[in-house]
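*Asks:* Just dropping this structure here.
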Amino acid sequence: MINLLPPELKQEYRYARYNRKLIHWSIAFTCAILGVIVITGAGYLSMDNSIDTYRSKVATAQTRLASEDITGVERQVANMSDNMKLMLGVLSKEVLFSKLLQQLGSITPPNVILTNLSISQTDSAIDITAQTTGYQAATQLQINLASPANQIFSKADIVNISCAAQGAVNPAYPCTATLRAQFTRSNPFLFINSRKVGQ
């Protein structure tokens, strides 16, 4: 086929074809740029949404931790521990009088009447007041209390013995003796053995 068109018109057709291709490439490039902008915008929106979600989770966790008050709980635990140590300390000095009285009754001489028992200011000691028929009965009580065979007291000391010649409250037992006895470390009459508390 012979093209009989003038050269100027041929050139215009050729440029028109180039222009059409160029327009197609421009539209494709513009669509690609628009696609990148849309994808980037969606990514930013998704990231912003994720940041807000995590920020909300962090705020919730901080609120929960503040409401649980970890420092307050630790303080309460320390306070309970101190109270437990105090209770053990008090109980270690507590005397089981019901059992102690039975044992004291068995080692008290027949010519002695126990009239008073009181915890001494000294740790692990007890003050005993008794009415006796005389000095010998009072010293026998002291010997019985201090005897290692009874396993109650490590030592017993006579604090005072006084005898009324006349006008005694109980004429059969005119003497009053006061003794101080110190418990052995392993005696069974303390609520909690002092050795166990120290361990």
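Going through the structure tokens in order, the chains are called A, B, and so on, while each chain numbers its residues from 1 and the ligands are numbered from 1 in the order shown.
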Step one, run DSSP on the backbone; step two, keep only residues of stretch 19-143 of chain A assigned to alpha helix (DSSP H); then write them as a ChimeraX atom specification.
*Replies:* /A:19-68,70-92,97-107,135-143
*Asks:* Residues as selected, C-alpha atoms, written as a PDB file, in the first residue's frame, can you do that?
*Replies:*
```pdb
ATOM      1  CA  ASN A  19       0.481  11.685  21.951  1.00  0.00           C
ATOM      2  CA  ARG A  20      -2.086   8.913  22.394  1.00  0.00           C
ATOM      3  CA  LYS A  21       0.572   6.590  23.853  1.00  0.00           C
ATOM      4  CA  LEU A  22       1.846   9.410  26.035  1.00  0.00           C
ATOM      5  CA  ILE A  23      -1.699  10.087  27.324  1.00  0.00           C
ATOM      6  CA  HIS A  24      -2.111   6.372  28.117  1.00  0.00           C
ATOM      7  CA  TRP A  25       1.201   6.356  30.036  1.00  0.00           C
ATOM      8  CA  SER A  26       0.254   9.570  31.872  1.00  0.00           C
ATOM      9  CA  ILE A  27      -3.117   8.103  32.909  1.00  0.00           C
ATOM     10  CA  ALA A  28      -1.396   4.877  34.089  1.00  0.00           C
ATOM     11  CA  PHE A  29       1.252   6.878  36.001  1.00  0.00           C
ATOM     12  CA  THR A  30      -1.444   9.067  37.587  1.00  0.00           C
ATOM     13  CA  CYS A  31      -3.446   5.955  38.595  1.00  0.00           C
ATOM     14  CA  ALA A  32      -0.290   4.439  40.104  1.00  0.00           C
ATOM     15  CA  ILE A  33       0.397   7.616  42.108  1.00  0.00           C
ATOM     16  CA  LEU A  34      -3.228   7.718  43.269  1.00  0.00           C
ATOM     17  CA  GLY A  35      -2.964   4.023  44.284  1.00  0.00           C
ATOM     18  CA  VAL A  36       0.210   4.705  46.298  1.00  0.00           C
ATOM     19  CA  ILE A  37      -1.491   7.697  47.990  1.00  0.00           C
ATOM     20  CA  VAL A  38      -4.562   5.582  48.848  1.00  0.00           C
ATOM     21  CA  ILE A  39      -2.399   2.718  50.228  1.00  0.00           C
ATOM     22  CA  THR A  40      -0.230   5.138  52.240  1.00  0.00           C
ATOM     23  CA  GLY A  41      -3.321   6.878  53.644  1.00  0.00           C
ATOM     24  CA  ALA A  42      -4.883   3.524  54.616  1.00  0.00           C
ATOM     25  CA  GLY A  43      -1.601   2.519  56.307  1.00  0.00           C
ATOM     26  CA  TYR A  44      -1.496   5.766  58.267  1.00  0.00           C
ATOM     27  CA  LEU A  45      -5.122   5.353  59.326  1.00  0.00           C
ATOM     28  CA  SER A  46      -4.466   1.746  60.406  1.00  0.00           C
ATOM     29  CA  MET A  47      -1.349   2.773  62.363  1.00  0.00           C
ATOM     30  CA  ASP A  48      -3.229   5.631  64.015  1.00  0.00           C
ATOM     31  CA  ASN A  49      -6.026   3.230  64.995  1.00  0.00           C
ATOM     32  CA  SER A  50      -3.487   0.735  66.422  1.00  0.00           C
ATOM     33  CA  ILE A  51      -1.747   3.503  68.396  1.00  0.00           C
ATOM     34  CA  ASP A  52      -5.084   4.586  69.883  1.00  0.00           C
ATOM     35  CA  THR A  53      -5.918   0.972  70.788  1.00  0.00           C
ATOM     36  CA  TYR A  54      -2.552   0.398  72.504  1.00  0.00           C
ATOM     37  CA  ARG A  55      -2.783   3.756  74.249  1.00  0.00           C
ATOM     38  CA  SER A  56      -6.191   2.732  75.611  1.00  0.00           C
ATOM     39  CA  LYS A  57      -4.806  -0.645  76.769  1.00  0.00           C
ATOM     40  CA  VAL A  58      -1.874   1.042  78.547  1.00  0.00           C
ATOM     41  CA  ALA A  59      -4.239   3.491  80.280  1.00  0.00           C
ATOM     42  CA  THR A  60      -6.474   0.585  81.389  1.00  0.00           C
ATOM     43  CA  ALA A  61      -3.464  -1.360  82.733  1.00  0.00           C
ATOM     44  CA  GLN A  62      -2.199   1.706  84.612  1.00  0.00           C
ATOM     45  CA  THR A  63      -5.652   2.285  86.106  1.00  0.00           C
ATOM     46  CA  ARG A  64      -5.862  -1.369  87.169  1.00  0.00           C
ATOM     47  CA  LEU A  65      -2.407  -1.252  88.764  1.00  0.00           C
ATOM     48  CA  ALA A  66      -3.267   1.968  90.570  1.00  0.00           C
ATOM     49  CA  SER A  67      -6.511   0.462  91.857  1.00  0.00           C
ATOM     50  CA  GLU A  68      -4.720  -2.682  93.058  1.00  0.00           C
ATOM     51  CA  ILE A  70       0.695  -2.773  95.034  1.00  0.00           C
ATOM     52  CA  THR A  71       2.579  -0.614  97.557  1.00  0.00           C
ATOM     53  CA  GLY A  72      -0.395  -0.689  99.901  1.00  0.00           C
ATOM     54  CA  VAL A  73      -0.615  -4.475  99.606  1.00  0.00           C
ATOM     55  CA  GLU A  74       3.117  -4.813 100.336  1.00  0.00           C
ATOM     56  CA  ARG A  75       2.653  -2.547 103.370  1.00  0.00           C
ATOM     57  CA  GLN A  76      -0.241  -4.714 104.598  1.00  0.00           C
ATOM     58  CA  VAL A  77       1.830  -7.893 104.154  1.00  0.00           C
ATOM     59  CA  ALA A  78       4.740  -6.349 106.108  1.00  0.00           C
ATOM     60  CA  ASN A  79       2.299  -5.213 108.821  1.00  0.00           C
ATOM     61  CA  MET A  80       0.786  -8.725 109.046  1.00  0.00           C
ATOM     62  CA  SER A  81       4.282 -10.218 109.288  1.00  0.00           C
ATOM     63  CA  ASP A  82       5.172  -7.824 112.124  1.00  0.00           C
ATOM     64  CA  ASN A  83       1.912  -8.689 113.902  1.00  0.00           C
ATOM     65  CA  MET A  84       2.659 -12.415 113.537  1.00  0.00           C
ATOM     66  CA  LYS A  85       6.134 -11.944 115.056  1.00  0.00           C
ATOM     67  CA  LEU A  86       4.589  -9.954 117.910  1.00  0.00           C
ATOM     68  CA  MET A  87       2.000 -12.690 118.528  1.00  0.00           C
ATOM     69  CA  LEU A  88       4.707 -15.351 118.581  1.00  0.00           C
ATOM     70  CA  GLY A  89       6.726 -13.222 121.004  1.00  0.00           C
ATOM     71  CA  VAL A  90       3.730 -12.815 123.332  1.00  0.00           C
ATOM     72  CA  LEU A  91       2.744 -16.478 123.097  1.00  0.00           C
ATOM     73  CA  SER A  92       6.309 -17.557 123.863  1.00  0.00           C
ATOM     74  CA  PHE A  97      -1.562 -22.409 134.121  1.00  0.00           C
ATOM     75  CA  SER A  98      -3.974 -25.365 133.963  1.00  0.00           C
ATOM     76  CA  LYS A  99      -1.113 -27.833 133.363  1.00  0.00           C
ATOM     77  CA  LEU A 100       1.336 -25.927 135.547  1.00  0.00           C
ATOM     78  CA  LEU A 101      -0.999 -26.055 138.574  1.00  0.00           C
ATOM     79  CA  GLN A 102      -1.279 -29.839 138.338  1.00  0.00           C
ATOM     80  CA  GLN A 103       2.500 -30.200 138.279  1.00  0.00           C
ATOM     81  CA  LEU A 104       2.977 -27.696 141.122  1.00  0.00           C
ATOM     82  CA  GLY A 105       0.401 -29.582 143.179  1.00  0.00           C
ATOM     83  CA  SER A 106       2.377 -32.782 142.799  1.00  0.00           C
ATOM     84  CA  ILE A 107       5.687 -31.232 144.009  1.00  0.00           C
ATOM     85  CA  TYR A 135      10.745 -22.201 157.767  1.00  0.00           C
ATOM     86  CA  GLN A 136      11.584 -25.826 157.046  1.00  0.00           C
ATOM     87  CA  ALA A 137       8.432 -26.293 154.927  1.00  0.00           C
ATOM     88  CA  ALA A 138       9.255 -23.103 152.964  1.00  0.00           C
ATOM     89  CA  THR A 139      12.809 -24.270 152.239  1.00  0.00           C
ATOM     90  CA  GLN A 140      11.485 -27.718 151.239  1.00  0.00           C
ATOM     91  CA  LEU A 141       9.176 -26.003 148.721  1.00  0.00           C
ATOM     92  CA  GLN A 142      12.168 -24.123 147.316  1.00  0.00           C
ATOM     93  CA  ILE A 143      14.178 -27.371 147.031  1.00  0.00           C
TER      94      ILE A 143
END
```
*Asks:* As a list in words, please: all residues of stretch 47-152 of chain A that backbone DSSP puts in strand (DSSP E).
*Replies:* Val112, Ile113, Leu114, Thr115, Asn116, Leu117, Ser118, Ile119, Ala125, Ile126, Asp127, Ile128, Thr129, Ala130, Gln131 and Thr132 of chain A
*Asks:* Grab the residues selected above and save them as a PDB file, in the first residue's frame with N, CA and C atoms.
*Replies:*
```pdb
ATOM      1  N   VAL A 112       2.408 -27.221 153.054  1.00  0.00           N
ATOM      2  CA  VAL A 112       2.473 -25.948 152.335  1.00  0.00           C
ATOM      3  C   VAL A 112       1.168 -25.769 151.561  1.00  0.00           C
ATOM      4  N   ILE A 113       0.632 -24.528 151.571  1.00  0.00           N
ATOM      5  CA  ILE A 113      -0.551 -24.191 150.762  1.00  0.00           C
ATOM      6  C   ILE A 113      -0.140 -23.066 149.815  1.00  0.00           C
ATOM      7  N   LEU A 114      -0.334 -23.296 148.503  1.00  0.00           N
ATOM      8  CA  LEU A 114      -0.039 -22.247 147.519  1.00  0.00           C
ATOM      9  C   LEU A 114      -1.189 -21.238 147.542  1.00  0.00           C
ATOM     10  N   THR A 115      -0.861 -19.971 147.669  1.00  0.00           N
ATOM     11  CA  THR A 115      -1.919 -18.951 147.738  1.00  0.00           C
ATOM     12  C   THR A 115      -1.935 -18.005 146.538  1.00  0.00           C
ATOM     13  N   ASN A 116      -0.819 -17.878 145.821  1.00  0.00           N
ATOM     14  CA  ASN A 116      -0.803 -16.938 144.703  1.00  0.00           C
ATOM     15  C   ASN A 116       0.299 -17.315 143.714  1.00  0.00           C
ATOM     16  N   LEU A 117      -0.012 -17.177 142.438  1.00  0.00           N
ATOM     17  CA  LEU A 117       0.974 -17.336 141.362  1.00  0.00           C
ATOM     18  C   LEU A 117       0.872 -16.099 140.493  1.00  0.00           C
ATOM     19  N   SER A 118       2.011 -15.505 140.151  1.00  0.00           N
ATOM     20  CA  SER A 118       1.973 -14.334 139.262  1.00  0.00           C
ATOM     21  C   SER A 118       3.219 -14.327 138.393  1.00  0.00           C
ATOM     22  N   ILE A 119       3.010 -13.857 137.151  1.00  0.00           N
ATOM     23  CA  ILE A 119       4.134 -13.776 136.228  1.00  0.00           C
ATOM     24  C   ILE A 119       5.053 -12.661 136.698  1.00  0.00           C
ATOM     25  N   ALA A 125       9.751 -16.270 134.139  1.00  0.00           N
ATOM     26  CA  ALA A 125       9.822 -16.536 135.581  1.00  0.00           C
ATOM     27  C   ALA A 125       8.440 -16.333 136.188  1.00  0.00           C
ATOM     28  N   ILE A 126       8.234 -16.927 137.353  1.00  0.00           N
ATOM     29  CA  ILE A 126       6.949 -16.834 138.036  1.00  0.00           C
ATOM     30  C   ILE A 126       7.192 -16.608 139.522  1.00  0.00           C
ATOM     31  N   ASP A 127       6.355 -15.776 140.140  1.00  0.00           N
ATOM     32  CA  ASP A 127       6.418 -15.539 141.589  1.00  0.00           C
ATOM     33  C   ASP A 127       5.366 -16.409 142.264  1.00  0.00           C
ATOM     34  N   ILE A 128       5.781 -17.125 143.281  1.00  0.00           N
ATOM     35  CA  ILE A 128       4.894 -18.047 144.006  1.00  0.00           C
ATOM     36  C   ILE A 128       4.800 -17.580 145.455  1.00  0.00           C
ATOM     37  N   THR A 129       3.572 -17.437 145.935  1.00  0.00           N
ATOM     38  CA  THR A 129       3.346 -17.116 147.347  1.00  0.00           C
ATOM     39  C   THR A 129       2.659 -18.312 147.987  1.00  0.00           C
ATOM     40  N   ALA A 130       3.156 -18.707 149.175  1.00  0.00           N
ATOM     41  CA  ALA A 130       2.602 -19.886 149.852  1.00  0.00           C
ATOM     42  C   ALA A 130       2.538 -19.651 151.351  1.00  0.00           C
ATOM     43  N   GLN A 131       1.593 -20.322 151.993  1.00  0.00           N
ATOM     44  CA  GLN A 131       1.542 -20.351 153.462  1.00  0.00           C
ATOM     45  C   GLN A 131       2.129 -21.684 153.902  1.00  0.00           C
ATOM     46  N   THR A 132       2.990 -21.631 154.907  1.00  0.00           N
ATOM     47  CA  THR A 132       3.682 -22.844 155.352  1.00  0.00           C
ATOM     48  C   THR A 132       3.561 -22.978 156.867  1.00  0.00           C
TER      49      THR A 132
END
```
*Asks:* With only C-alpha atoms as the basis for distance, which of A:Thr133, A:Tyr18, A:Ser147, A:Val159 is at the shortest distance from A:Cys175?
*Replies:*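 Looking at the shortest contact to A:Cys175, the residue is A:Thr133.
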*Asks:* May I ask which of the residues A:Val169, A:Leu9, A:Ile158, A:Ala164 is the closest one to A:Ala181, counting only C-alpha atoms?
*Replies:*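 So, comparing all the options, the nearest one is A:Ile158.
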*Asks:* Mind pulling up the distance from atom CA of A:Ala172 to atom CA of A:Ala156?
*Replies:*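 A separation of 24.9 Å between them.
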*Asks:* Which one is closest to A:Ile161: A:Ser186, A:Asn111, A:Thr176, A:Gln11? Count only C-alpha atoms.
*Replies:*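 That would be A:Thr176, the residue with the smallest distance to A:Ile161.
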*Asks:* Can you tell me how far atom CA of A:Leu179 sits from atom CA of A:Leu145, in Å to one decimal?
*Replies:*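 Between these atoms lies a distance of 9.4 Å.
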*Asks:* Compare A:Pro7, A:Phe183, A:Pro171, A:Thr108 by their minimum atom-to-atom distance to A:Gln151, counting only C-alpha atoms, and give me the closest one.
*Replies:*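 Looking only at the distances to A:Gln151, the closest residue turns out to be A:Phe183.
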*Asks:* I'd like the interatomic distance between atom CA of A:Thr184 and atom CA of A:Ser162, to a tenth of an Å.
*Replies:*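 Rounded to one decimal, the two atoms are 27.8 Å apart.
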*Asks:* My list of candidates is A:Ser124, A:Gln182, A:Pro109, A:Pro6. Which is closest to A:Lys155 when distances are computed with only C-alpha atoms?
*Replies:*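 Smallest distance to A:Lys155 is found for A:Gln182.
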